[in-house]
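Student: Attaching a single structure in structure tokens format; questions to follow.
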Amino acid sequence: QADLTVAALKSCFRWYVNQADSLIEASPAESLGKVMERKQEEGEVDVEAGRAMSQEEIGLLVWGLAFCPNPGARLAASLQLATGQRRMTVCRARKSQFTEHPEFGLVWRLSGSGEKTQAWRVLPLPDLARMTVESALGMARPDNPFLFPQQRPRRTGAPMDGHLSERRVSKVLEDMRADGGPLAGLSFDPSSHDLRRTFVTVMGPRMHKYTVDGRTLTRSDVEMITHANEGREGTASLVYDKSEYLAVKHAVLAEWQAWVMEGYEKVVARMDTKAGKAA
């Protein structure tokens with residue numbers, strides 16, 4: 001009964017958020033989880049719970065994405081991995097948010113409007129993210145505004161003008177964890193949120209390599225990639241500091257992409273070695 005209540009609340013608020021005249025911009029039920037999705041029963045301790053994925057585990061995930069039978073969900077998971085964003089941020093991405101920049105190529109503008117302190121973010125997209133978005137744009141339906149359009153009606157006869165369900169993105173990793181999948185047998189069950197956790201864990205200690213206006217960045221500055229308002233606080237910075245810091249963010253995301261693909265190359269090399277020994 002608790003699970004049914006959670007599902008109903010999520011569906012209700014999701015519908016309201018997607019209405020053009022709705023005053024609701026984010027679902028208050030988004031953080032609710034089903035009973036069976038809770039990581040541990042009260043009193044149990046799992047030393048592996050909440051850890052970041054290793055480079056080889058990320059490599060296995062990249063390798064496994066090629067076998068995902070749902071192209072929309074595969075590309076959404078790929079974009080989440082490449083940019084360190086939340087699952088719902090990716091699912092709600094609109095085609096109109098992606099524009100060409102004369103210096104940095106394809107840019108994802110998650111900028112709001114209206115209130116002075118409206119949340120905003122601008123991300124330049126290095127090769128991995130750019131190719132993912134370009135593939136999604138090539139598949140997107142012209143009658144739907146979302147980069148990853150809704151794949152089935154909520155009920156018979158309902159319009160198909162919404163975005164991809166976040167559950168379909170989660171299911172990509174769930175399928176990889178199943179018996180025989182590339183992530184089967186790990187010491188913990190990685191979810192789509194662990195892609196974001198790994199990005200923060202890997203890139204946080206590397207932020208000191210970059211500077212903004214003469215200031216060396218710190219671990220907390222990774223929020224310029226991952227958080228609304230790019231980690232800026234206070235009315236003054238939100239209203240008047242509109243520099244997009246595209247060069248720094250492009251460098252950060254490019255380094256993360258290189259780390260991800262290095263993990264993939266290690267996995268492929270290990271598989272080739274095993275195949276050669278077997279032959």
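Going through the structure tokens in order, the chains are called A, B, and so on, while each chain numbers its residues from 1 and the ligands are numbered from 1 in the order shown.
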Could you give me, as a ChimeraX atom specification, the residues within 9 Å of stretch 242-252 of chain A, counting only C-alpha atoms and dropping anything in the same chain fewer than 5 positions from it?
Tutor: /A:104,121-126,203,206-207,210-212,222,224-225,237,257
Student: If you run DSSP over the backbone, which residues in stretch 44-271 of chain A end up strand (DSSP E or B)? Put them as a list in words.
Tutor: Arg94, Phe98, Thr99, Glu100, His101, Gly105, Leu106, Val107, Trp108, Arg109, Val122, Leu123, Pro124, Phe146, Pro149, His163, Thr211, Val212, Arg215 and Thr216 of chain A
Student: Measuring between only C-alpha atoms, which one of A:His163, A:Gly204, A:Cys68, A:Glu57 shows the shortest distance to A:Ala93?
Tutor: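 Of all the options, A:His163 lies closest to A:Ala93.
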Student: How many Å lie between atom CA of A:Arg141 and atom CA of A:Ala73, rounded to one decimal?
Tutor: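 If I compute the distance from atom CA of A:Arg141 to atom CA of A:Ala73, I get 14.8 Å.
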Student: When distances are computed from only C-alpha atoms, which of A:Lys274, A:Arg215, A:Lys95, A:Arg196 shows the smallest separation from A:Trp256?
Tutor: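 Closest candidate: A:Arg196.
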Student: With DSSP run on the backbone, what are the helix (DSSP H, G or I) residues within stretch 30-217 of chain A? I'd like them as JSON, numbers by chain.
Tutor: {"A": [35, 36, 37, 55, 56, 57, 58, 59, 60, 61, 62, 63, 64, 65, 71, 72, 73, 74, 75, 76, 77, 78, 79, 80, 81, 82, 83, 87, 88, 89, 90, 91, 95, 96, 97, 127, 128, 129, 130, 131, 132, 133, 134, 135, 136, 137, 138, 139, 166, 167, 168, 169, 170, 171, 172, 173, 174, 175, 176, 177, 192, 193, 194, 195, 196, 197, 198, 199, 200, 201, 202, 203, 204, 205, 206, 207, 208, 209]}
